[in-house]
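Colleague: Here you go, run_34.cif (mmCIF, C-alpha atoms and all ligand atoms):
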```
data_final
loop_
_atom_site.label_atom_id
_atom_site.label_comp_id
_atom_site.auth_asym_id
_atom_site.auth_seq_id
_atom_site.Cartn_x
_atom_site.Cartn_y
_atom_site.Cartn_z
CA MET Q 1 0.00 0.00 0.00
CA ALA Q 2 1.34 3.45 -0.94
CA THR Q 3 1.85 5.83 1.97
CA GLU Q 4 3.48 8.77 0.14
CA THR Q 5 1.87 12.15 0.73
CA TYR Q 6 3.26 13.64 -2.47
CA GLU Q 7 4.10 16.87 -0.62
CA SER Q 8 6.53 18.13 -3.26
CA LEU Q 9 4.12 18.14 -6.21
CA PRO Q 10 3.74 21.50 -7.99
CA GLU Q 11 0.71 23.60 -7.06
CA THR Q 12 0.46 25.17 -10.54
CA SER Q 13 0.90 23.97 -14.12
CA PRO Q 14 3.70 25.30 -16.37
CA MET Q 15 1.07 27.74 -17.72
CA GLY Q 16 0.31 28.95 -14.18
CA ALA Q 17 -3.08 27.22 -13.75
CA PRO Q 18 -3.81 25.78 -10.28
CA LEU Q 19 -3.46 21.99 -10.07
CA ASP Q 20 -5.55 19.55 -8.07
CA TRP Q 21 -3.80 16.47 -6.63
CA ALA Q 22 -6.62 15.39 -4.32
CA TRP Q 23 -7.15 12.16 -6.28
CA LEU Q 24 -3.52 11.17 -5.68
CA ARG Q 25 -3.29 12.29 -2.05
CA GLY Q 26 -6.67 10.82 -1.11
CA ALA Q 27 -6.77 8.28 1.75
CA LYS Q 28 -9.32 5.86 0.35
CA SER Q 29 -10.16 3.08 2.78
CA GLU Q 30 -10.38 0.40 0.07
CA TRP Q 31 -7.01 1.29 -1.48
CA GLY Q 32 -5.09 -1.89 -2.17
CA VAL Q 33 -8.07 -4.16 -2.81
CA ARG Q 34 -7.19 -6.89 -5.32
CA PRO Q 35 -10.06 -9.26 -6.07
CA LYS Q 36 -9.11 -12.61 -7.56
CA PRO Q 37 -10.56 -13.55 -10.94
CA SER Q 38 -12.77 -16.64 -10.93
CA PRO Q 39 -12.20 -19.45 -13.47
CA ARG Q 40 -14.52 -17.55 -15.87
CA GLY Q 41 -12.36 -14.40 -15.69
CA LEU Q 42 -12.87 -11.28 -13.58
CA THR Q 43 -16.63 -11.12 -13.05
CA MET Q 44 -18.80 -8.40 -11.53
CA LEU Q 45 -19.33 -10.80 -8.62
CA ASP Q 46 -15.55 -11.01 -8.07
CA ILE Q 47 -15.17 -7.23 -7.78
CA ALA Q 48 -18.15 -6.83 -5.44
CA VAL Q 49 -15.95 -6.47 -2.35
CA GLY Q 50 -15.73 -4.04 0.58
CA SER Q 51 -17.50 -0.76 0.04
CA TYR Q 52 -17.76 -1.61 -3.67
CA ALA Q 53 -20.06 -4.54 -3.02
CA GLU Q 54 -23.76 -4.05 -2.37
CA PRO Q 55 -25.56 -0.76 -2.90
CA GLN Q 56 -27.13 0.88 0.13
CA ASP Q 57 -30.88 0.45 0.64
CA HIS Q 58 -31.49 4.19 0.23
CA PRO Q 59 -28.49 5.89 -1.40
CA LEU Q 60 -28.53 9.63 -0.77
CA HIS Q 61 -26.65 11.16 -3.65
CA ARG Q 62 -28.30 11.72 -7.02
CA SER Q 63 -25.35 11.93 -9.39
CA MET Q 64 -23.66 9.40 -11.67
CA ALA Q 65 -20.69 9.19 -9.28
CA PRO Q 66 -19.56 5.54 -9.19
CA ARG Q 67 -20.58 3.62 -6.08
CA GLY Q 68 -17.55 3.29 -3.78
CA ALA Q 69 -15.72 6.41 -5.04
CA ASP Q 70 -14.91 9.38 -2.75
CA ILE Q 71 -17.79 11.56 -3.82
CA GLU Q 72 -17.66 15.34 -3.68
CA SER Q 73 -20.79 16.74 -2.07
CA GLY Q 74 -23.12 19.21 -3.73
CA GLY Q 75 -23.08 17.66 -7.21
CA PRO Q 76 -25.92 18.07 -9.69
CA ASP Q 77 -29.11 16.07 -9.30
CA MET Q 78 -29.73 13.72 -12.24
CA GLY Q 79 -33.44 13.51 -11.51
CA TYR Q 80 -33.55 9.93 -10.23
CA ILE Q 81 -36.91 8.86 -8.88
CA VAL Q 82 -36.12 5.16 -8.25
CA ASN Q 83 -33.91 5.60 -5.20
CA ASP Q 84 -34.82 2.60 -3.05
CA LYS Q 85 -32.85 -0.56 -3.66
CA SER Q 86 -35.97 -2.67 -3.16
CA SER Q 87 -37.59 -0.90 -6.13
CA VAL Q 88 -35.12 -2.35 -8.63
CA TRP Q 89 -32.82 -4.95 -7.08
CA ALA Q 90 -32.83 -8.75 -7.33
CA ASP Q 91 -30.40 -11.10 -5.60
CA ASN Q 92 -29.52 -12.76 -8.91
CA VAL Q 93 -29.10 -9.60 -10.99
CA THR Q 94 -25.28 -9.46 -11.09
CA GLU Q 95 -25.03 -13.15 -11.94
CA LEU Q 96 -27.64 -12.72 -14.67
CA TYR Q 97 -25.68 -9.81 -16.14
CA GLU Q 98 -22.56 -11.95 -16.37
CA GLU Q 99 -24.51 -14.77 -17.99
CA ALA Q 100 -26.13 -12.39 -20.46
CA VAL Q 101 -22.77 -11.02 -21.57
CA ALA Q 102 -21.31 -14.51 -21.90
CA ARG Q 103 -24.25 -15.84 -23.96
CA GLN Q 104 -24.84 -13.14 -26.53
CA TRP Q 105 -25.56 -14.60 -29.96
CA SER Q 106 -26.02 -13.29 -33.46
CA ALA Q 107 -29.24 -13.52 -35.45
CA THR Q 108 -27.12 -13.12 -38.57
CA ARG Q 109 -24.54 -15.79 -37.85
CA ASP Q 110 -25.93 -18.30 -35.36
CA VAL Q 111 -29.13 -19.30 -37.18
CA PRO Q 112 -28.64 -21.73 -40.11
CA TRP Q 113 -30.63 -19.58 -42.55
CA GLY Q 114 -29.21 -21.54 -45.48
CA GLU Q 115 -31.15 -24.63 -44.35
CA LEU Q 116 -34.57 -22.98 -44.78
CA ARG Q 117 -36.69 -24.89 -47.27
CA GLU Q 118 -40.00 -24.27 -48.93
CA LEU Q 119 -42.91 -25.15 -46.64
CA PRO Q 120 -46.58 -25.79 -47.39
CA ASP Q 121 -48.39 -22.42 -47.67
CA ASP Q 122 -50.50 -22.89 -44.53
CA VAL Q 123 -47.46 -23.69 -42.37
CA GLU Q 124 -45.37 -20.86 -43.83
CA HIS Q 125 -48.21 -18.40 -43.32
CA ALA Q 126 -48.78 -19.56 -39.73
CA MET Q 127 -45.08 -19.17 -38.99
CA CYS Q 128 -45.09 -15.71 -40.56
CA GLN Q 129 -48.18 -14.70 -38.56
CA LEU Q 130 -46.49 -15.78 -35.33
CA CYS Q 131 -43.33 -13.90 -36.36
CA THR Q 132 -45.39 -10.79 -37.15
CA LEU Q 133 -46.81 -10.84 -33.65
CA LEU Q 134 -43.47 -11.59 -31.97
CA THR Q 135 -41.69 -8.86 -33.92
CA GLU Q 136 -44.38 -6.49 -32.66
CA VAL Q 137 -44.34 -7.44 -28.98
CA GLU Q 138 -40.64 -8.16 -28.39
CA MET Q 139 -39.56 -4.53 -28.37
CA ILE Q 140 -41.83 -3.57 -25.48
CA ALA Q 141 -39.37 -5.45 -23.28
CA ALA Q 142 -36.67 -3.06 -24.51
CA ASP Q 143 -38.76 0.12 -24.42
CA LEU Q 144 -39.94 -0.47 -20.87
CA PRO Q 145 -36.50 -0.82 -19.20
CA ALA Q 146 -35.31 2.11 -21.34
CA LYS Q 147 -38.20 4.22 -20.04
CA TRP Q 148 -37.16 3.60 -16.42
CA MET Q 149 -33.39 3.21 -16.51
CA TRP Q 150 -32.41 6.88 -16.59
CA ARG Q 151 -34.66 7.41 -13.56
CA MET Q 152 -32.86 4.73 -11.50
CA ASN Q 153 -30.26 5.77 -8.97
CA HIS Q 154 -26.80 5.17 -10.40
CA ASP Q 155 -25.78 3.16 -7.33
CA PHE Q 156 -27.92 0.33 -8.73
CA ILE Q 157 -25.46 0.00 -11.59
CA GLU Q 158 -25.56 -3.81 -11.81
CA ALA Q 159 -29.34 -3.75 -12.24
CA LYS Q 160 -29.04 -1.08 -14.92
CA MET Q 161 -26.30 -3.06 -16.68
CA PHE Q 162 -28.52 -6.15 -16.65
CA LEU Q 163 -31.38 -4.14 -18.16
CA CYS Q 164 -28.97 -2.99 -20.90
CA THR Q 165 -28.42 -6.66 -21.78
CA GLN Q 166 -32.17 -7.21 -21.84
CA ILE Q 167 -32.55 -4.31 -24.27
CA MET Q 168 -29.90 -5.83 -26.55
CA ASP Q 169 -31.56 -9.26 -26.25
CA GLU Q 170 -34.93 -7.84 -27.29
CA ALA Q 171 -33.42 -6.02 -30.26
CA ARG Q 172 -32.05 -9.39 -31.36
CA HIS Q 173 -35.41 -11.10 -30.82
CA ALA Q 174 -37.19 -8.48 -32.92
CA GLU Q 175 -34.44 -8.93 -35.51
CA VAL Q 176 -34.58 -12.72 -35.66
CA PHE Q 177 -38.38 -12.92 -35.99
CA ARG Q 178 -38.45 -10.16 -38.60
CA LYS Q 179 -35.73 -12.01 -40.50
CA ARG Q 180 -37.65 -15.29 -40.29
CA ALA Q 181 -40.84 -13.66 -41.57
CA LEU Q 182 -39.03 -12.16 -44.52
CA SER Q 183 -36.71 -15.03 -45.39
CA ASN Q 184 -38.92 -17.80 -46.75
CA GLY Q 185 -41.49 -16.28 -49.06
CA GLY Q 186 -44.22 -15.39 -46.56
CA GLY Q 187 -43.44 -11.95 -45.21
CA LEU Q 188 -45.08 -9.96 -42.44
CA LEU Q 189 -48.81 -10.66 -42.17
CA LEU Q 190 -51.62 -9.24 -40.03
CA SER Q 191 -51.07 -6.80 -37.17
CA ARG Q 192 -54.26 -6.05 -35.25
CA SER Q 193 -54.89 -3.45 -32.59
CA GLN Q 194 -55.32 -5.98 -29.76
CA PRO Q 195 -51.63 -6.43 -28.85
CA THR Q 196 -51.34 -2.67 -28.44
CA SER Q 197 -53.73 -2.74 -25.45
CA LEU Q 198 -51.38 -5.13 -23.68
CA LEU Q 199 -48.30 -3.15 -24.63
CA ARG Q 200 -49.86 0.11 -23.44
CA THR Q 201 -50.82 -1.45 -20.12
CA ILE Q 202 -47.18 -2.42 -19.60
CA ILE Q 203 -45.56 0.82 -20.71
CA GLU Q 204 -48.00 2.97 -18.71
CA ALA Q 205 -47.54 1.18 -15.36
CA LYS Q 206 -47.18 3.78 -12.61
CA THR Q 207 -44.17 2.28 -10.82
CA TYR Q 208 -41.20 0.27 -12.06
CA THR Q 209 -42.12 -2.65 -9.81
CA GLN Q 210 -45.66 -2.75 -11.23
CA ALA Q 211 -44.18 -2.54 -14.71
CA THR Q 212 -41.79 -5.40 -14.06
CA ALA Q 213 -44.59 -7.57 -12.64
CA LEU Q 214 -46.62 -6.99 -15.80
CA MET Q 215 -43.75 -7.43 -18.19
CA HIS Q 216 -41.29 -9.94 -16.69
CA LEU Q 217 -43.65 -12.07 -14.66
CA LEU Q 218 -46.69 -12.01 -16.89
CA GLY Q 219 -45.91 -10.97 -20.48
CA GLU Q 220 -42.43 -12.39 -20.94
CA GLY Q 221 -43.35 -15.45 -18.90
CA PHE Q 222 -46.03 -16.29 -21.50
CA VAL Q 223 -43.61 -15.74 -24.37
CA LEU Q 224 -41.05 -17.92 -22.56
CA ASP Q 225 -43.51 -20.83 -22.57
CA ILE Q 226 -44.08 -20.40 -26.31
CA PHE Q 227 -40.30 -20.67 -26.77
CA ARG Q 228 -40.19 -23.66 -24.43
CA MET Q 229 -42.70 -25.42 -26.70
CA GLY Q 230 -40.57 -24.41 -29.69
CA GLU Q 231 -39.69 -28.02 -30.50
CA LEU Q 232 -43.39 -28.70 -31.19
CA ILE Q 233 -44.16 -25.36 -32.83
CA ALA Q 234 -41.15 -25.10 -35.16
CA PRO Q 235 -41.67 -26.54 -38.65
CA THR Q 236 -37.90 -26.97 -39.26
CA ASP Q 237 -34.56 -26.99 -37.44
CA VAL Q 238 -34.12 -23.32 -38.32
CA GLU Q 239 -37.06 -22.23 -36.14
CA LYS Q 240 -36.08 -24.75 -33.45
CA ARG Q 241 -32.71 -23.06 -33.23
CA ILE Q 242 -34.33 -19.61 -33.10
CA PHE Q 243 -36.69 -20.62 -30.29
CA ARG Q 244 -33.88 -22.28 -28.32
CA LEU Q 245 -31.63 -19.23 -28.53
CA CYS Q 246 -34.44 -16.83 -27.60
CA MET Q 247 -35.54 -19.11 -24.75
CA GLN Q 248 -32.27 -18.78 -22.84
CA ASP Q 249 -32.45 -14.97 -23.07
CA GLU Q 250 -36.11 -14.87 -22.07
CA ALA Q 251 -35.47 -17.14 -19.08
CA ARG Q 252 -32.97 -14.57 -17.78
CA HIS Q 253 -35.46 -11.73 -18.10
CA VAL Q 254 -38.18 -13.69 -16.33
CA ALA Q 255 -35.75 -14.85 -13.61
CA TYR Q 256 -34.75 -11.26 -12.90
CA GLY Q 257 -38.37 -10.13 -12.69
CA THR Q 258 -39.35 -12.98 -10.41
CA MET Q 259 -36.47 -12.33 -8.03
CA HIS Q 260 -37.02 -8.58 -8.17
CA ILE Q 261 -40.64 -8.93 -7.10
CA ARG Q 262 -39.51 -11.27 -4.33
CA TYR Q 263 -36.87 -8.79 -3.16
CA ALA Q 264 -39.31 -5.86 -3.34
CA ILE Q 265 -41.93 -7.61 -1.21
CA GLU Q 266 -39.41 -8.95 1.32
CA HIS Q 267 -38.05 -5.45 1.90
CA ASP Q 268 -41.30 -3.52 1.63
CA PRO Q 269 -44.37 -5.71 2.25
CA ASP Q 270 -46.69 -2.78 1.46
CA VAL Q 271 -45.71 -3.03 -2.19
CA ALA Q 272 -47.56 -6.38 -2.52
CA GLU Q 273 -50.97 -4.74 -2.93
CA GLU Q 274 -49.83 -2.47 -5.76
CA ILE Q 275 -48.37 -5.51 -7.55
CA HIS Q 276 -51.63 -7.42 -7.07
CA GLU Q 277 -53.60 -4.51 -8.53
CA ALA Q 278 -51.35 -4.37 -11.59
CA LEU Q 279 -51.69 -8.14 -12.09
CA ASP Q 280 -55.50 -8.05 -11.59
CA HIS Q 281 -55.69 -5.83 -14.64
CA GLY Q 282 -52.78 -7.39 -16.52
CA GLU Q 283 -54.22 -10.90 -16.36
CA ILE Q 284 -57.46 -9.73 -17.98
CA VAL Q 285 -55.66 -7.90 -20.78
CA LEU Q 286 -53.29 -10.82 -21.36
CA THR Q 287 -56.10 -13.38 -21.40
CA ASP Q 288 -57.90 -11.31 -24.06
CA PHE Q 289 -54.68 -11.09 -26.03
CA GLY Q 290 -53.90 -14.82 -25.74
CA GLY Q 291 -57.40 -15.67 -26.90
CA ALA Q 292 -57.14 -13.37 -29.92
CA PRO Q 293 -58.04 -15.36 -33.06
CA ASP Q 294 -54.82 -14.66 -34.97
CA VAL Q 295 -52.54 -15.89 -32.22
CA SER Q 296 -54.52 -18.97 -31.32
CA THR Q 297 -55.15 -20.10 -34.90
CA ALA Q 298 -51.56 -19.54 -36.06
CA LEU Q 299 -50.21 -21.48 -33.10
CA ALA Q 300 -52.75 -24.27 -33.60
CA VAL Q 301 -51.78 -24.66 -37.26
CA LEU Q 302 -48.09 -24.82 -36.36
CA LEU Q 303 -48.71 -27.33 -33.56
CA ALA Q 304 -50.78 -29.45 -35.94
CA GLY Q 305 -48.21 -29.26 -38.72
CA GLY Q 306 -50.86 -27.76 -41.06
CA VAL Q 307 -54.57 -26.97 -41.29
CA GLU Q 308 -55.56 -30.57 -41.94
CA HIS Q 309 -55.11 -31.64 -38.32
CA VAL Q 310 -55.88 -28.35 -36.68
CA GLU Q 311 -58.97 -29.65 -34.88
CA ASP Q 312 -57.83 -33.06 -33.72
CA LYS Q 313 -54.23 -32.10 -32.97
CA GLY Q 314 -53.69 -28.32 -33.16
CA PHE Q 315 -56.37 -27.11 -30.75
CA PRO Q 316 -55.72 -29.78 -28.08
CA LEU Q 317 -52.00 -28.95 -28.16
CA SER Q 318 -52.65 -25.22 -27.99
CA MET Q 319 -54.88 -25.87 -24.95
CA GLU Q 320 -51.89 -27.68 -23.43
CA LEU Q 321 -49.75 -24.64 -24.17
CA SER Q 322 -52.27 -22.30 -22.49
CA LYS Q 323 -52.43 -24.54 -19.45
CA LYS Q 324 -48.64 -24.58 -19.28
CA GLN Q 325 -48.46 -20.79 -19.64
CA PHE Q 326 -50.97 -20.08 -16.88
CA SER Q 327 -49.56 -22.80 -14.60
CA SER Q 328 -46.00 -21.56 -14.87
CA TYR Q 329 -47.13 -17.96 -14.41
CA LEU Q 330 -49.00 -18.84 -11.20
CA ALA Q 331 -46.06 -20.93 -9.92
CA ARG Q 332 -43.73 -18.04 -10.72
CA CYS Q 333 -45.95 -15.73 -8.64
CA GLU Q 334 -45.61 -18.22 -5.75
CA ARG Q 335 -41.80 -18.12 -6.11
CA ALA Q 336 -41.92 -14.33 -6.21
CA GLY Q 337 -43.88 -14.32 -2.94
CA ILE Q 338 -47.02 -12.85 -4.51
CA SER Q 339 -49.45 -15.76 -4.52
CA ARG Q 340 -52.29 -15.14 -6.96
CA LEU Q 341 -54.15 -18.38 -6.32
CA ASP Q 342 -56.82 -16.89 -4.05
CA ARG Q 343 -57.21 -13.73 -6.07
CA THR Q 344 -56.86 -14.48 -9.76
CA LYS Q 345 -59.84 -14.40 -12.13
CA ILE Q 346 -58.09 -16.81 -14.50
CA PRO Q 347 -60.56 -19.71 -15.06
CA LEU Q 348 -58.46 -22.39 -13.38
CA ASP Q 349 -61.19 -25.05 -13.64
CA LEU Q 350 -61.62 -24.49 -17.33
CA LEU Q 351 -57.89 -24.76 -17.89
CA GLY Q 352 -57.64 -27.87 -15.71
CA ILE Q 353 -55.24 -26.22 -13.26
CA ASP Q 354 -55.17 -27.49 -9.67
CA PRO Q 355 -54.23 -24.62 -7.32
CA GLU Q 356 -52.76 -26.98 -4.72
CA THR Q 357 -50.33 -28.47 -7.24
CA ILE Q 358 -49.19 -24.94 -8.11
CA ARG Q 359 -48.84 -24.00 -4.45
CA ALA Q 360 -46.70 -27.06 -3.80
CA ALA Q 361 -44.56 -26.58 -6.93
CA GLY Q 362 -43.89 -22.90 -6.43
CA GLY Q 363 -43.25 -22.82 -2.71
CA SER Q 364 -39.49 -23.07 -2.34
CA ALA Q 365 -37.23 -20.05 -2.78
CA PRO Q 366 -35.24 -20.21 -6.03
CA LYS Q 367 -31.46 -20.20 -5.66
CA GLY Q 368 -30.07 -17.85 -8.24
CA GLY Q 369 -29.39 -17.38 -11.93
CA ARG Q 370 -32.18 -18.51 -14.20
CA ASP Q 371 -33.70 -20.93 -11.66
CA ALA Q 372 -36.45 -18.48 -10.81
CA ALA Q 373 -37.89 -18.43 -14.35
FE FE F 1 -37.75 -11.27 -25.96
FE FE F 2 -37.50 -10.71 -22.83
#
```
Using structure tokens, write down the structure from this file.
Modeller:
Amino acid sequence: MATETYESLPETSPMGAPLDWAWLRGAKSEWGVRPKPSPRGLTMLDIAVGSYAEPQDHPLHRSMAPRGADIESGGPDMGYIVNDKSSVWADNVTELYEEAVARQWSATRDVPWGELRELPDDVEHAMCQLCTLLTEVEMIAADLPAKWMWRMNHDFIEAKMFLCTQIMDEARHAEVFRKRALSNGGGLLLSRSQPTSLLRTIIEAKTYTQATALMHLLGEGFVLDIFRMGELIAPTDVEKRIFRLCMQDEARHVAYGTMHIRYAIEHDPDVAEEIHEALDHGEIVLTDFGGAPDVSTALAVLLAGGVEHVEDKGFPLSMELSKKQFSSYLARCERAGISRLDRTKIPLDLLGIDPETIRAAGGSAPKGGRDAA
């Protein structure tokens, strides 16, 4: 550790301007810290040591000064309105950031576009209709974090960095589905006004935590289950690959949201009611959206492998998908500590969902990473 006081340094520059050596003479308590890289390299988790580690619950300053620096008082206010850690944090957020950076992929390079082959018209059109919808809805999950990020206290840097990765992921999702729609003769098909109601509900949420409940827990959770059923939905290996790549990204987003809601409620139990209110409304809007004729028919045709078996195979499989989507959403709410089972208006009987099975499946606290999705 250096102990020099640098007494003999000049007080003025050769041009006569006063010089400031405070940064060199400073007596920073963490001086000398040398975190060890993990086998993966030097991760954000490795450098989270001493006063650089966790953000405070209610950081006081409002500038972009880096957490852990010696911060001059009286700096400008950046206008942050999300200043409580519980309003944005999740215990897995730093780990998820590292994973996101390590698993970036390219929609140009990592999808075997050359293997696309001509499909029957009904299947190609169904795939293109699904891609039209996905291209439309994916970007809300970029716009929403972008809307809130500049309002978040800079001390929550790891959460903001994770949201940056989500924004990049969603750009890639919009890209890959747009490319798929345009790459095999079908093109972009019908865009109705219905999805916009859902997207507006999400973007207009009054608090970030309400927004994240609507988007990560509900909206992205439903998309995640579509990707999880990608093996059955995809007509060829090209789409299978697309769904698989998107699925790992989406699981990160949902895992962050689930653990954020859990953290928010654990640290501020009063927030539970505002989350419930957002989900009361969100579930209705999402159910309307999921039941929209374009989505359900396109998915049924894909699941049936064509219109011929849409009734005997397509609709039963799409019912299975709906059941899976609602079940995993309700189990996710249990993991997030916001049980919806006694409050939801989702027709559990009609969907064949047993609340006790959900309660049992969702009860234990998820560890970290993507487990929570
Ligand atoms: Fe996405
Ligand atoms: Fe997402």
Colleague: Taking all atoms listed in the file into account, report as a PDB file with C-alpha atoms, in the coordinates of the input which residues have an atom no farther than 12 Å from an atom of ligand FE 1 (chain F).
Modeller:
```pdb
ATOM      1  CA  LEU Q 133     -46.810 -10.840 -33.650  1.00  0.00           C
ATOM      2  CA  LEU Q 134     -43.470 -11.590 -31.970  1.00  0.00           C
ATOM      3  CA  THR Q 135     -41.690  -8.860 -33.920  1.00  0.00           C
ATOM      4  CA  GLU Q 136     -44.380  -6.490 -32.660  1.00  0.00           C
ATOM      5  CA  VAL Q 137     -44.340  -7.440 -28.980  1.00  0.00           C
ATOM      6  CA  GLU Q 138     -40.640  -8.160 -28.390  1.00  0.00           C
ATOM      7  CA  MET Q 139     -39.560  -4.530 -28.370  1.00  0.00           C
ATOM      8  CA  ILE Q 140     -41.830  -3.570 -25.480  1.00  0.00           C
ATOM      9  CA  ALA Q 141     -39.370  -5.450 -23.280  1.00  0.00           C
ATOM     10  CA  ALA Q 142     -36.670  -3.060 -24.510  1.00  0.00           C
ATOM     11  CA  ASP Q 143     -38.760   0.120 -24.420  1.00  0.00           C
ATOM     12  CA  THR Q 165     -28.420  -6.660 -21.780  1.00  0.00           C
ATOM     13  CA  GLN Q 166     -32.170  -7.210 -21.840  1.00  0.00           C
ATOM     14  CA  ILE Q 167     -32.550  -4.310 -24.270  1.00  0.00           C
ATOM     15  CA  MET Q 168     -29.900  -5.830 -26.550  1.00  0.00           C
ATOM     16  CA  ASP Q 169     -31.560  -9.260 -26.250  1.00  0.00           C
ATOM     17  CA  GLU Q 170     -34.930  -7.840 -27.290  1.00  0.00           C
ATOM     18  CA  ALA Q 171     -33.420  -6.020 -30.260  1.00  0.00           C
ATOM     19  CA  ARG Q 172     -32.050  -9.390 -31.360  1.00  0.00           C
ATOM     20  CA  HIS Q 173     -35.410 -11.100 -30.820  1.00  0.00           C
ATOM     21  CA  ALA Q 174     -37.190  -8.480 -32.920  1.00  0.00           C
ATOM     22  CA  GLU Q 175     -34.440  -8.930 -35.510  1.00  0.00           C
ATOM     23  CA  VAL Q 176     -34.580 -12.720 -35.660  1.00  0.00           C
ATOM     24  CA  PHE Q 177     -38.380 -12.920 -35.990  1.00  0.00           C
ATOM     25  CA  MET Q 215     -43.750  -7.430 -18.190  1.00  0.00           C
ATOM     26  CA  HIS Q 216     -41.290  -9.940 -16.690  1.00  0.00           C
ATOM     27  CA  GLY Q 219     -45.910 -10.970 -20.480  1.00  0.00           C
ATOM     28  CA  GLU Q 220     -42.430 -12.390 -20.940  1.00  0.00           C
ATOM     29  CA  GLY Q 221     -43.350 -15.450 -18.900  1.00  0.00           C
ATOM     30  CA  PHE Q 222     -46.030 -16.290 -21.500  1.00  0.00           C
ATOM     31  CA  VAL Q 223     -43.610 -15.740 -24.370  1.00  0.00           C
ATOM     32  CA  LEU Q 224     -41.050 -17.920 -22.560  1.00  0.00           C
ATOM     33  CA  ASP Q 225     -43.510 -20.830 -22.570  1.00  0.00           C
ATOM     34  CA  ILE Q 226     -44.080 -20.400 -26.310  1.00  0.00           C
ATOM     35  CA  PHE Q 227     -40.300 -20.670 -26.770  1.00  0.00           C
ATOM     36  CA  ILE Q 242     -34.330 -19.610 -33.100  1.00  0.00           C
ATOM     37  CA  PHE Q 243     -36.690 -20.620 -30.290  1.00  0.00           C
ATOM     38  CA  ARG Q 244     -33.880 -22.280 -28.320  1.00  0.00           C
ATOM     39  CA  LEU Q 245     -31.630 -19.230 -28.530  1.00  0.00           C
ATOM     40  CA  CYS Q 246     -34.440 -16.830 -27.600  1.00  0.00           C
ATOM     41  CA  MET Q 247     -35.540 -19.110 -24.750  1.00  0.00           C
ATOM     42  CA  GLN Q 248     -32.270 -18.780 -22.840  1.00  0.00           C
ATOM     43  CA  ASP Q 249     -32.450 -14.970 -23.070  1.00  0.00           C
ATOM     44  CA  GLU Q 250     -36.110 -14.870 -22.070  1.00  0.00           C
ATOM     45  CA  ALA Q 251     -35.470 -17.140 -19.080  1.00  0.00           C
ATOM     46  CA  ARG Q 252     -32.970 -14.570 -17.780  1.00  0.00           C
ATOM     47  CA  HIS Q 253     -35.460 -11.730 -18.100  1.00  0.00           C
ATOM     48  CA  VAL Q 254     -38.180 -13.690 -16.330  1.00  0.00           C
TER      49      VAL Q 254
END
```
Colleague: Work out how far apart CA of Pro55 in chain Q and CA of Lys36 in chain Q are and give it in Å to one decimal.
Modeller: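 Pair CA of Pro55 in chain Q / CA of Lys36 in chain Q returns 20.8 Å.
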Colleague: Give the answer as one residue: which of Q:Asn184, Q:Glu283, Q:Tyr208, Q:Gly257 has the shortest atom-to-atom distance to ligand FE 2 (chain F), using all atoms listed in the file?
Modeller: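 Using all atoms listed in the file, the shortest distance to ligand FE 2 (chain F) belongs to Q:Gly257.
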Colleague: So, with only C-alpha atoms and all ligand atoms as the atoms that count, which of Q:Thr344, Q:Ile265, Q:Ser73, Q:Ala255 lies closest to ligand FE 2 (chain F)?
Modeller: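 Comparing Q:Thr344, Q:Ile265, Q:Ser73, Q:Ala255 against ligand FE 2 (chain F), the winner is Q:Ala255.
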Colleague: If you count all atoms listed in the file, which residues fall within 12 Å of Asp121 in chain Q, apart from same-chain ones fewer than 4 positions away, as a count of residues only?
Modeller: 16
Colleague: Measuring atom to atom with only C-alpha atoms, identify which of Q:Leu218, Q:Leu299, Q:Gly291, Q:Pro66 is nearest to Leu232 in chain Q.
Modeller: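 Among Q:Leu218, Q:Leu299, Q:Gly291, Q:Pro66, it is Q:Leu299 that comes nearest to Leu232 in chain Q.
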Colleague: Extract, using all atoms listed in the file, all DNA, RNA and protein residues at most 12 Å from Gly74 in chain Q, discarding same-chain residues fewer than 6 positions from it, and format them as a ChimeraX atom specification.
Modeller: /Q:60-63,65
